[in-house]
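> mmCIF, N, CA and C atoms, saved as my_file_6.cif, coming up:
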data_final
loop_
_atom_site.label_atom_id
_atom_site.label_comp_id
_atom_site.auth_asym_id
_atom_site.auth_seq_id
_atom_site.Cartn_x
_atom_site.Cartn_y
_atom_site.Cartn_z
N MET A 1 106.29 119.93 48.69
CA MET A 1 105.62 118.68 48.42
C MET A 1 105.07 118.67 47.00
N ARG A 2 104.61 119.83 46.56
CA ARG A 2 104.05 119.91 45.22
C ARG A 2 105.12 119.59 44.17
N SER A 3 106.36 120.06 44.36
CA SER A 3 107.40 119.80 43.36
C SER A 3 107.79 118.33 43.33
N ILE A 4 107.75 117.65 44.48
CA ILE A 4 108.05 116.21 44.51
C ILE A 4 106.98 115.45 43.73
N THR A 5 105.72 115.78 43.96
CA THR A 5 104.63 115.11 43.25
C THR A 5 104.72 115.37 41.75
N ARG A 6 105.02 116.63 41.40
CA ARG A 6 105.12 116.95 39.98
C ARG A 6 106.31 116.23 39.35
N ASN A 7 107.45 116.16 40.03
CA ASN A 7 108.62 115.45 39.50
C ASN A 7 108.35 113.95 39.37
N LEU A 8 107.64 113.37 40.33
CA LEU A 8 107.28 111.96 40.22
C LEU A 8 106.36 111.73 39.02
N GLY A 9 105.43 112.64 38.81
CA GLY A 9 104.53 112.54 37.66
C GLY A 9 105.28 112.63 36.35
N LEU A 10 106.25 113.54 36.26
CA LEU A 10 107.04 113.67 35.04
C LEU A 10 107.92 112.44 34.82
N ALA A 11 108.51 111.92 35.90
CA ALA A 11 109.36 110.75 35.78
C ALA A 11 108.55 109.53 35.35
N THR A 12 107.35 109.38 35.91
CA THR A 12 106.49 108.26 35.53
C THR A 12 106.08 108.39 34.07
N GLY A 13 105.74 109.59 33.63
CA GLY A 13 105.38 109.82 32.23
C GLY A 13 106.53 109.51 31.30
N ALA A 14 107.74 109.90 31.68
CA ALA A 14 108.92 109.63 30.85
C ALA A 14 109.18 108.13 30.75
N MET A 15 109.01 107.42 31.88
CA MET A 15 109.21 105.98 31.85
C MET A 15 108.16 105.31 30.96
N ALA A 16 106.93 105.79 31.00
CA ALA A 16 105.88 105.21 30.18
C ALA A 16 106.17 105.41 28.70
N LEU A 17 106.80 106.51 28.34
CA LEU A 17 107.12 106.77 26.94
C LEU A 17 108.34 105.98 26.47
N THR A 18 109.29 105.73 27.37
CA THR A 18 110.51 105.02 26.95
C THR A 18 110.37 103.51 27.02
N ALA A 19 109.44 102.99 27.80
CA ALA A 19 109.30 101.53 27.93
C ALA A 19 108.98 100.87 26.59
N PRO A 20 108.01 101.39 25.79
CA PRO A 20 107.76 100.73 24.49
C PRO A 20 108.97 100.78 23.57
N THR A 21 109.75 101.86 23.64
CA THR A 21 110.94 101.97 22.81
C THR A 21 111.95 100.89 23.20
N ALA A 22 112.10 100.64 24.47
CA ALA A 22 113.03 99.61 24.93
C ALA A 22 112.55 98.23 24.48
N LEU A 23 111.25 98.01 24.48
CA LEU A 23 110.73 96.71 24.07
C LEU A 23 110.92 96.46 22.59
N VAL A 24 110.85 97.50 21.77
CA VAL A 24 111.02 97.33 20.32
C VAL A 24 112.39 96.75 20.02
N GLY A 25 113.41 97.22 20.68
CA GLY A 25 114.76 96.74 20.44
C GLY A 25 114.95 95.30 20.85
N SER A 26 114.16 94.82 21.82
CA SER A 26 114.34 93.46 22.29
C SER A 26 113.49 92.45 21.53
N GLY A 27 112.58 92.91 20.67
CA GLY A 27 111.73 92.01 19.92
C GLY A 27 110.46 91.64 20.66
N VAL A 28 110.31 92.08 21.91
CA VAL A 28 109.14 91.74 22.70
C VAL A 28 107.91 92.46 22.19
N ALA A 29 108.07 93.62 21.61
CA ALA A 29 106.92 94.40 21.15
C ALA A 29 106.20 93.73 20.00
N ASP A 30 106.85 92.79 19.28
CA ASP A 30 106.21 92.12 18.16
C ASP A 30 105.12 91.15 18.60
N ALA A 31 105.25 90.62 19.79
CA ALA A 31 104.29 89.63 20.27
C ALA A 31 103.08 90.34 20.87
N ALA A 32 101.89 89.91 20.47
CA ALA A 32 100.67 90.47 21.03
C ALA A 32 100.37 89.77 22.34
N PRO A 33 100.07 90.52 23.40
CA PRO A 33 99.74 89.88 24.67
C PRO A 33 98.49 89.00 24.52
N ALA A 34 98.40 87.97 25.34
CA ALA A 34 97.27 87.06 25.28
C ALA A 34 95.97 87.82 25.47
N GLY A 35 95.00 87.50 24.65
CA GLY A 35 93.68 88.10 24.78
C GLY A 35 93.53 89.44 24.09
N THR A 36 94.54 89.89 23.34
CA THR A 36 94.42 91.17 22.64
C THR A 36 94.36 90.93 21.14
N GLU A 37 93.87 91.89 20.44
CA GLU A 37 93.79 91.81 18.99
C GLU A 37 95.15 92.16 18.40
N SER A 38 95.51 91.51 17.34
CA SER A 38 96.73 91.79 16.62
C SER A 38 96.35 92.14 15.19
N MET A 39 97.16 92.95 14.55
CA MET A 39 96.81 93.29 13.17
C MET A 39 97.21 92.19 12.19
N TYR A 40 97.87 91.14 12.68
CA TYR A 40 98.25 90.01 11.84
C TYR A 40 97.52 88.77 12.33
N ALA A 41 96.99 87.98 11.39
CA ALA A 41 96.42 86.69 11.76
C ALA A 41 97.59 85.78 12.13
N PRO A 42 97.47 85.02 13.20
CA PRO A 42 98.59 84.16 13.60
C PRO A 42 98.95 83.15 12.51
N SER A 43 100.22 83.00 12.27
CA SER A 43 100.73 82.02 11.32
C SER A 43 102.04 81.47 11.86
N ALA A 44 101.94 80.38 12.61
CA ALA A 44 103.12 79.75 13.20
C ALA A 44 102.94 78.24 13.16
N LEU A 45 103.96 77.55 12.66
CA LEU A 45 103.89 76.11 12.50
C LEU A 45 105.12 75.43 13.11
N VAL A 46 104.95 74.18 13.47
CA VAL A 46 106.06 73.30 13.79
C VAL A 46 106.12 72.30 12.64
N VAL A 47 107.25 72.26 11.97
CA VAL A 47 107.45 71.37 10.82
C VAL A 47 108.42 70.28 11.26
N SER A 48 108.07 69.02 11.00
CA SER A 48 108.94 67.93 11.44
C SER A 48 109.10 66.87 10.36
N VAL A 49 110.20 66.13 10.47
CA VAL A 49 110.49 64.98 9.61
C VAL A 49 110.67 63.78 10.53
N THR A 50 109.91 62.72 10.26
CA THR A 50 109.93 61.53 11.10
C THR A 50 110.30 60.31 10.26
N ALA A 51 111.16 59.46 10.79
CA ALA A 51 111.48 58.19 10.14
C ALA A 51 110.36 57.21 10.46
N GLY A 52 109.69 56.74 9.43
CA GLY A 52 108.59 55.81 9.62
C GLY A 52 107.34 56.28 8.91
N ALA A 53 106.38 55.38 8.80
CA ALA A 53 105.15 55.67 8.07
C ALA A 53 104.12 56.40 8.92
N ASP A 54 104.36 56.52 10.21
CA ASP A 54 103.40 57.14 11.12
C ASP A 54 104.14 58.17 11.98
N ALA A 55 103.72 59.41 11.90
CA ALA A 55 104.39 60.47 12.66
C ALA A 55 104.29 60.25 14.16
N ASP A 56 103.22 59.60 14.61
CA ASP A 56 103.05 59.36 16.05
C ASP A 56 103.91 58.22 16.57
N GLN A 57 104.21 57.25 15.72
CA GLN A 57 104.96 56.07 16.14
C GLN A 57 106.43 56.09 15.72
N GLY A 58 106.78 56.94 14.75
CA GLY A 58 108.15 56.97 14.23
C GLY A 58 109.10 57.76 15.11
N THR A 59 110.32 57.88 14.64
CA THR A 59 111.36 58.63 15.34
C THR A 59 111.52 59.99 14.68
N VAL A 60 111.30 61.05 15.44
CA VAL A 60 111.44 62.40 14.89
C VAL A 60 112.93 62.66 14.65
N LEU A 61 113.28 62.96 13.40
CA LEU A 61 114.66 63.23 13.04
C LEU A 61 115.00 64.71 13.12
N ARG A 62 114.05 65.54 12.72
CA ARG A 62 114.25 66.99 12.74
C ARG A 62 112.91 67.66 12.99
N ALA A 63 112.96 68.79 13.68
CA ALA A 63 111.76 69.61 13.88
C ALA A 63 112.20 71.06 13.97
N VAL A 64 111.45 71.94 13.31
CA VAL A 64 111.76 73.37 13.31
C VAL A 64 110.47 74.15 13.51
N THR A 65 110.64 75.41 13.88
CA THR A 65 109.49 76.32 13.97
C THR A 65 109.51 77.25 12.77
N LEU A 66 108.34 77.68 12.37
CA LEU A 66 108.20 78.61 11.26
C LEU A 66 107.11 79.61 11.62
N VAL A 67 107.49 80.87 11.70
CA VAL A 67 106.54 81.95 11.97
C VAL A 67 106.51 82.83 10.74
N CYS A 68 105.31 83.11 10.22
CA CYS A 68 105.20 83.89 8.98
C CYS A 68 104.61 85.29 9.18
N ALA A 69 104.08 85.60 10.32
CA ALA A 69 103.51 86.93 10.54
C ALA A 69 103.95 87.42 11.91
N PRO A 70 104.40 88.63 12.02
CA PRO A 70 104.37 89.70 11.04
C PRO A 70 105.48 89.61 9.99
N ARG A 71 106.54 88.84 10.27
CA ARG A 71 107.59 88.65 9.26
C ARG A 71 108.15 87.24 9.42
N PRO A 72 108.67 86.66 8.35
CA PRO A 72 109.19 85.29 8.42
C PRO A 72 110.33 85.16 9.42
N SER A 73 110.22 84.13 10.27
CA SER A 73 111.27 83.87 11.26
C SER A 73 111.10 82.45 11.76
N GLY A 74 111.87 82.10 12.75
CA GLY A 74 111.83 80.76 13.34
C GLY A 74 113.13 80.04 13.08
N THR A 75 113.14 78.75 13.39
CA THR A 75 114.36 77.96 13.23
C THR A 75 114.42 77.25 11.87
N HIS A 76 113.43 77.45 11.03
CA HIS A 76 113.45 76.87 9.67
C HIS A 76 114.66 77.44 8.93
N PRO A 77 115.38 76.62 8.14
CA PRO A 77 116.58 77.11 7.44
C PRO A 77 116.30 78.22 6.41
N ASP A 78 115.10 78.28 5.86
CA ASP A 78 114.77 79.32 4.89
C ASP A 78 113.33 79.81 5.14
N PRO A 79 113.12 80.57 6.22
CA PRO A 79 111.75 80.98 6.55
C PRO A 79 111.10 81.87 5.50
N VAL A 80 111.86 82.68 4.81
CA VAL A 80 111.29 83.57 3.79
C VAL A 80 110.67 82.75 2.66
N ALA A 81 111.43 81.78 2.11
CA ALA A 81 110.93 80.94 1.02
C ALA A 81 109.79 80.04 1.48
N ALA A 82 109.89 79.48 2.68
CA ALA A 82 108.84 78.60 3.20
C ALA A 82 107.53 79.36 3.40
N CYS A 83 107.60 80.57 3.92
CA CYS A 83 106.39 81.39 4.10
C CYS A 83 105.80 81.79 2.75
N ALA A 84 106.66 82.07 1.78
CA ALA A 84 106.17 82.41 0.43
C ALA A 84 105.44 81.22 -0.18
N GLU A 85 105.97 80.01 0.02
CA GLU A 85 105.29 78.81 -0.48
C GLU A 85 103.93 78.63 0.19
N LEU A 86 103.89 78.84 1.48
CA LEU A 86 102.63 78.71 2.20
C LEU A 86 101.61 79.73 1.70
N ARG A 87 102.05 80.96 1.50
CA ARG A 87 101.12 81.99 1.00
C ARG A 87 100.62 81.62 -0.40
N ALA A 88 101.49 81.08 -1.24
CA ALA A 88 101.11 80.72 -2.61
C ALA A 88 100.17 79.52 -2.67
N ASN A 89 100.32 78.58 -1.74
CA ASN A 89 99.54 77.34 -1.78
C ASN A 89 98.42 77.28 -0.76
N GLY A 90 98.40 78.21 0.18
CA GLY A 90 97.36 78.17 1.20
C GLY A 90 97.44 76.90 2.01
N ARG A 91 96.30 76.29 2.21
CA ARG A 91 96.23 75.08 3.02
C ARG A 91 96.44 73.81 2.20
N ALA A 92 96.63 73.93 0.88
CA ALA A 92 96.83 72.77 0.00
C ALA A 92 98.32 72.46 -0.10
N LEU A 93 98.84 71.78 0.90
CA LEU A 93 100.28 71.54 0.98
C LEU A 93 100.76 70.34 0.15
N ASP A 94 99.85 69.57 -0.41
CA ASP A 94 100.26 68.44 -1.24
C ASP A 94 101.13 68.88 -2.41
N ALA A 95 100.91 70.08 -2.91
CA ALA A 95 101.71 70.59 -4.03
C ALA A 95 103.18 70.72 -3.63
N LEU A 96 103.46 70.95 -2.35
CA LEU A 96 104.84 71.10 -1.88
C LEU A 96 105.53 69.75 -1.70
N ALA A 97 104.75 68.67 -1.67
CA ALA A 97 105.32 67.34 -1.50
C ALA A 97 105.46 66.60 -2.83
N GLU A 98 105.02 67.20 -3.91
CA GLU A 98 105.14 66.58 -5.23
C GLU A 98 106.61 66.40 -5.60
N PRO A 99 106.94 65.30 -6.30
CA PRO A 99 108.33 65.12 -6.73
C PRO A 99 108.65 66.07 -7.89
N ARG A 100 109.90 66.50 -7.91
CA ARG A 100 110.35 67.32 -9.05
C ARG A 100 110.30 66.47 -10.32
N ALA A 101 110.11 67.13 -11.45
CA ALA A 101 109.99 66.42 -12.73
C ALA A 101 111.26 65.63 -13.07
N ASP A 102 112.42 66.12 -12.65
CA ASP A 102 113.68 65.45 -12.99
C ASP A 102 114.14 64.47 -11.90
N ALA A 103 113.29 64.19 -10.91
CA ALA A 103 113.67 63.31 -9.80
C ALA A 103 113.72 61.86 -10.26
N ALA A 104 114.74 61.17 -9.80
CA ALA A 104 114.88 59.74 -10.09
C ALA A 104 115.22 59.04 -8.78
N CYS A 105 114.24 58.33 -8.23
CA CYS A 105 114.44 57.64 -6.96
C CYS A 105 114.13 56.15 -7.12
N THR A 106 114.77 55.35 -6.29
CA THR A 106 114.46 53.92 -6.28
C THR A 106 113.09 53.72 -5.63
N ARG A 107 112.57 52.54 -5.71
CA ARG A 107 111.25 52.26 -5.14
C ARG A 107 111.36 51.53 -3.81
N GLU A 108 112.49 51.64 -3.13
CA GLU A 108 112.61 50.98 -1.84
C GLU A 108 111.63 51.59 -0.83
N TRP A 109 111.15 50.80 0.09
CA TRP A 109 110.22 51.28 1.11
C TRP A 109 111.00 51.57 2.38
N ASN A 110 111.26 52.84 2.59
CA ASN A 110 111.94 53.35 3.78
C ASN A 110 111.24 54.67 4.12
N PRO A 111 110.00 54.60 4.62
CA PRO A 111 109.14 55.78 4.71
C PRO A 111 109.69 56.90 5.58
N MET A 112 109.41 58.12 5.12
CA MET A 112 109.73 59.35 5.84
C MET A 112 108.43 60.17 5.88
N THR A 113 108.01 60.58 7.05
CA THR A 113 106.76 61.31 7.20
C THR A 113 107.06 62.74 7.62
N VAL A 114 106.44 63.68 6.93
CA VAL A 114 106.58 65.09 7.28
C VAL A 114 105.25 65.58 7.85
N THR A 115 105.35 66.50 8.78
CA THR A 115 104.16 67.10 9.37
C THR A 115 104.33 68.61 9.45
N ALA A 116 103.22 69.30 9.40
CA ALA A 116 103.17 70.74 9.65
C ALA A 116 101.95 70.96 10.54
N ASP A 117 102.20 71.34 11.78
CA ASP A 117 101.13 71.54 12.75
C ASP A 117 101.22 72.94 13.34
N GLY A 118 100.07 73.57 13.47
CA GLY A 118 100.03 74.89 14.09
C GLY A 118 98.84 75.69 13.61
N VAL A 119 99.09 76.96 13.35
CA VAL A 119 98.05 77.88 12.92
C VAL A 119 98.51 78.58 11.65
N TRP A 120 97.66 78.59 10.64
CA TRP A 120 97.96 79.31 9.41
C TRP A 120 96.85 80.31 9.16
N GLU A 121 97.22 81.58 9.13
CA GLU A 121 96.29 82.70 8.93
C GLU A 121 95.09 82.60 9.86
N GLY A 122 95.36 82.31 11.12
CA GLY A 122 94.33 82.29 12.15
C GLY A 122 93.51 81.02 12.25
N ARG A 123 93.79 80.03 11.41
CA ARG A 123 93.04 78.76 11.44
C ARG A 123 93.98 77.59 11.69
N ARG A 124 93.51 76.62 12.45
CA ARG A 124 94.29 75.44 12.80
C ARG A 124 94.68 74.68 11.53
N LEU A 125 95.93 74.24 11.47
CA LEU A 125 96.44 73.46 10.34
C LEU A 125 97.17 72.24 10.87
N SER A 126 96.82 71.08 10.35
CA SER A 126 97.50 69.84 10.69
C SER A 126 97.65 69.05 9.40
N TYR A 127 98.90 68.93 8.93
CA TYR A 127 99.17 68.29 7.65
C TYR A 127 100.19 67.18 7.85
N THR A 128 99.97 66.04 7.22
CA THR A 128 100.90 64.92 7.27
C THR A 128 101.02 64.32 5.87
N TYR A 129 102.24 63.99 5.49
CA TYR A 129 102.48 63.34 4.20
C TYR A 129 103.62 62.34 4.39
N THR A 130 103.48 61.15 3.82
CA THR A 130 104.51 60.12 3.94
C THR A 130 105.14 59.87 2.57
N PHE A 131 106.45 60.08 2.51
CA PHE A 131 107.24 59.78 1.32
C PHE A 131 107.66 58.32 1.39
N GLY A 132 107.86 57.68 0.24
CA GLY A 132 108.27 56.28 0.21
C GLY A 132 109.66 56.05 0.75
N ASN A 133 110.54 57.05 0.60
CA ASN A 133 111.91 56.92 1.08
C ASN A 133 112.55 58.32 1.17
N PRO A 134 113.75 58.43 1.74
CA PRO A 134 114.39 59.74 1.88
C PRO A 134 114.62 60.44 0.55
N CYS A 135 114.83 59.71 -0.52
CA CYS A 135 115.04 60.31 -1.83
C CYS A 135 113.81 61.10 -2.26
N GLY A 136 112.63 60.55 -2.00
CA GLY A 136 111.40 61.26 -2.34
C GLY A 136 111.28 62.57 -1.59
N LEU A 137 111.68 62.57 -0.33
CA LEU A 137 111.66 63.80 0.46
C LEU A 137 112.66 64.81 -0.09
N ARG A 138 113.87 64.36 -0.36
CA ARG A 138 114.91 65.27 -0.89
C ARG A 138 114.53 65.87 -2.23
N ASN A 139 113.78 65.14 -3.02
CA ASN A 139 113.43 65.60 -4.37
C ASN A 139 112.03 66.19 -4.47
N SER A 140 111.45 66.59 -3.35
CA SER A 140 110.14 67.24 -3.42
C SER A 140 110.33 68.67 -3.91
N THR A 141 109.25 69.23 -4.46
CA THR A 141 109.35 70.54 -5.12
C THR A 141 109.46 71.70 -4.14
N GLY A 142 108.95 71.56 -2.94
CA GLY A 142 108.93 72.67 -2.00
C GLY A 142 110.10 72.72 -1.05
N VAL A 143 110.29 73.87 -0.41
CA VAL A 143 111.35 74.03 0.59
C VAL A 143 110.79 73.92 2.01
N LEU A 144 109.47 73.91 2.16
CA LEU A 144 108.87 73.85 3.48
C LEU A 144 109.37 72.65 4.28
N PHE A 145 109.45 71.49 3.65
CA PHE A 145 109.87 70.29 4.35
C PHE A 145 111.36 69.98 4.18
N GLY A 146 112.10 70.86 3.54
CA GLY A 146 113.53 70.68 3.36
C GLY A 146 114.31 71.14 4.57
N ILE A 147 113.99 70.53 5.68
CA ILE A 147 114.63 70.94 6.94
C ILE A 147 115.70 69.96 7.25
#
Written as structure tokens, that's how I'd like the structure from this file.


Amino acid sequence: MRSITRNLGLATGAMALTAPTALVGSGVADAAPAGTESMYAPSALVVSVTAGADADQGTVLRAVTLVCAPRPSGTHPDPVAACAELRANGRALDALAEPRADAACTREWNPMTVTADGVWEGRRLSYTYTFGNPCGLRNSTGVLFGI
């Protein structure tokens, strides 16, 4: 009976050591369980482009996720560059919506609204900006809203 108990103890110990290794390969180990401390401040956003002057009333054309910690990921087409822009500008996202110096757009009113909602470095972030038309959106300086 003693050898069965000892073998069960060794088997349980081996399983406890191999379980975290198995999780690392699946990507599950990167997520901190709810209610625990993580060494990274949460930074995850949903970025969207809406046709219309109001994000709540318009038609959402595109929406992507952007996770910046512990490493850039998500469905954003260029998460590395978008996270770098966010780190460089902090919560002041208006700089990313500025038109490029060489941009030439008509003045037609066909509004496009971009939003970034979520958490940036552990603090709630809700940003909305309305471009006059799709050309203004295409010619903005940042890649965050180039989805």

> Using only N, CA and C atoms, which residues of range 90-115 of chain A come within 6 Å of range 53-72 of chain A, and what is the closest atom pair for each, with the distance in Å to one decimal? Give it as CSV, sorted by chain and residue number.


residue,atom,partner,partner_atom,distance
A:Pro111,C,A:Ala53,N,4.9
A:Met112,N,A:Ala53,N,5.5
A:Thr113,N,A:Ala53,N,5.7

> Work out how far atom N of Asn89 in chain A is from atom C of Gly136 in chain A, in Å to one decimal.

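Between these atoms lies a distance of 19.4 Å.
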
> To one decimal place in Å, what is the distance between atom C of Ala51 in chain A and atom N of His76 in chain A?

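Atom N of His76 in chain A lies at a distance of 20.5 Å from atom C of Ala51 in chain A.
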
> Applied to the shown file, which residues does the PyMOL selection byres ((chain A and resi 48) around 5) return, written as a list of chain:residue names?

A:Val46, A:Val47, A:Val49, A:Thr50, A:Arg62, A:Ala63, A:Val114, A:Thr115

> Figure out the distance between CA of Leu93 in chain A and atom N of Ser140 in chain A, please, to one decimal in Å.

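If I compute the distance from atom N of Ser140 in chain A to CA of Leu93 in chain A, I get 13.0 Å.
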
> For Asp117 in chain A, which residue among A:Ser73, A:Arg91, A:Asn139, A:Leu45 is the nearest when counting only N, CA and C atoms?

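Closest to Asp117 in chain A of all the choices is A:Leu45.
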
> Could you write out, as a PyMOL selection string, all the residues of range 35-116 of chain A that DSSP marks as alpha helix (DSSP H)?

chain A and resi 79-89+94-97

> Determine the residue set returned by the PyMOL selection byres ((chain A and resi 118) around 7) for the present structure, and present it as a PyMOL selection string.

chain A and resi 43-46+116-117+119-120+123-127

> Can you pull out the residues contacting Val143 in chain A? Cut-off 7 Å, using only N, CA and C atoms, and skip same-chain residues under 5 positions away; I want them as a VMD selection string.

chain A and resid 81 to 82 96

> Taking (109.1, 53.7, 3.2) in the coordinates of the supplied file, I want to know which residues reach to within 7 Å of it, counting only C-alpha atoms; could you give the answer as a VMD selection string?

chain A and resid 52 to 53 108 to 112 131 to 133

> Can you tell me which residues surround Thr141 in chain A at a distance of at most 6 Å, considering only C-alpha atoms, apart from same-chain residues fewer than 5 positions away, and format the answer as a list in words?

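So the residues in contact are Leu96, Glu98, Pro99 and Arg100 of chain A.
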
> So for range 80-83 of chain A, what box centre and size do we get, axis-aligned, 4 Å extra on each of the six sides, every listed atom, Å to one decimal, as AutoDock Vina command-line options?


--center_x 108.8 --center_y 81.1 --center_z 2.9 --size_x 14.1 --size_y 13.0 --size_z 11.8

> Could you add whatever atoms are missing so that range 62-70 of chain A carries all heavy atoms, then write the result as an mmCIF file, in the coordinates of the input?


data_model
loop_
_atom_site.group_PDB
_atom_site.id
_atom_site.type_symbol
_atom_site.label_atom_id
_atom_site.label_comp_id
_atom_site.auth_asym_id
_atom_site.auth_seq_id
_atom_site.Cartn_x
_atom_site.Cartn_y
_atom_site.Cartn_z
ATOM 1 N N ARG A 62 114.050 65.540 12.720
ATOM 2 C CA ARG A 62 114.250 66.990 12.740
ATOM 3 C C ARG A 62 112.910 67.660 12.990
ATOM 4 O O ARG A 62 111.869 67.193 12.530
ATOM 5 C CB ARG A 62 114.814 67.495 11.413
ATOM 6 C CG ARG A 62 116.210 67.002 11.109
ATOM 7 C CD ARG A 62 116.733 67.494 9.775
ATOM 8 N NE ARG A 62 115.980 67.094 8.604
ATOM 9 C CZ ARG A 62 116.035 65.914 8.013
ATOM 10 N NH1 ARG A 62 116.785 64.977 8.501
ATOM 11 N NH2 ARG A 62 115.338 65.658 6.922
ATOM 12 N N ALA A 63 112.960 68.790 13.680
ATOM 13 C CA ALA A 63 111.760 69.610 13.880
ATOM 14 C C ALA A 63 112.200 71.060 13.970
ATOM 15 O O ALA A 63 113.229 71.363 14.587
ATOM 16 C CB ALA A 63 111.014 69.193 15.145
ATOM 17 N N VAL A 64 111.450 71.940 13.310
ATOM 18 C CA VAL A 64 111.760 73.370 13.310
ATOM 19 C C VAL A 64 110.470 74.150 13.510
ATOM 20 O O VAL A 64 109.373 73.643 13.308
ATOM 21 C CB VAL A 64 112.443 73.819 11.997
ATOM 22 C CG1 VAL A 64 113.776 73.132 11.803
ATOM 23 C CG2 VAL A 64 111.530 73.599 10.806
ATOM 24 N N THR A 65 110.640 75.410 13.880
ATOM 25 C CA THR A 65 109.490 76.320 13.970
ATOM 26 C C THR A 65 109.510 77.250 12.770
ATOM 27 O O THR A 65 110.577 77.554 12.218
ATOM 28 C CB THR A 65 109.543 77.151 15.255
ATOM 29 O OG1 THR A 65 110.767 77.886 15.287
ATOM 30 C CG2 THR A 65 109.449 76.266 16.486
ATOM 31 N N LEU A 66 108.340 77.680 12.370
ATOM 32 C CA LEU A 66 108.200 78.610 11.260
ATOM 33 C C LEU A 66 107.110 79.610 11.620
ATOM 34 O O LEU A 66 105.965 79.230 11.833
ATOM 35 C CB LEU A 66 107.847 77.884 9.967
ATOM 36 C CG LEU A 66 107.633 78.760 8.734
ATOM 37 C CD1 LEU A 66 108.927 79.486 8.345
ATOM 38 C CD2 LEU A 66 107.126 77.926 7.572
ATOM 39 N N VAL A 67 107.490 80.870 11.700
ATOM 40 C CA VAL A 67 106.540 81.950 11.970
ATOM 41 C C VAL A 67 106.510 82.830 10.740
ATOM 42 O O VAL A 67 107.551 83.247 10.240
ATOM 43 C CB VAL A 67 106.979 82.771 13.214
ATOM 44 C CG1 VAL A 67 106.022 83.916 13.464
ATOM 45 C CG2 VAL A 67 107.085 81.871 14.432
ATOM 46 N N CYS A 68 105.310 83.110 10.220
ATOM 47 C CA CYS A 68 105.200 83.890 8.980
ATOM 48 C C CYS A 68 104.610 85.290 9.180
ATOM 49 O O CYS A 68 104.641 86.079 8.251
ATOM 50 C CB CYS A 68 104.359 83.115 7.960
ATOM 51 S SG CYS A 68 105.181 81.618 7.388
ATOM 52 N N ALA A 69 104.080 85.600 10.320
ATOM 53 C CA ALA A 69 103.510 86.930 10.540
ATOM 54 C C ALA A 69 103.950 87.420 11.910
ATOM 55 O O ALA A 69 103.933 86.657 12.866
ATOM 56 C CB ALA A 69 101.994 86.888 10.461
ATOM 57 N N PRO A 70 104.400 88.630 12.020
ATOM 58 C CA PRO A 70 104.370 89.700 11.040
ATOM 59 C C PRO A 70 105.480 89.610 9.990
ATOM 60 O O PRO A 70 105.377 90.191 8.927
ATOM 61 C CB PRO A 70 104.523 90.962 11.868
ATOM 62 C CG PRO A 70 105.273 90.544 13.075
ATOM 63 C CD PRO A 70 104.851 89.114 13.329
#
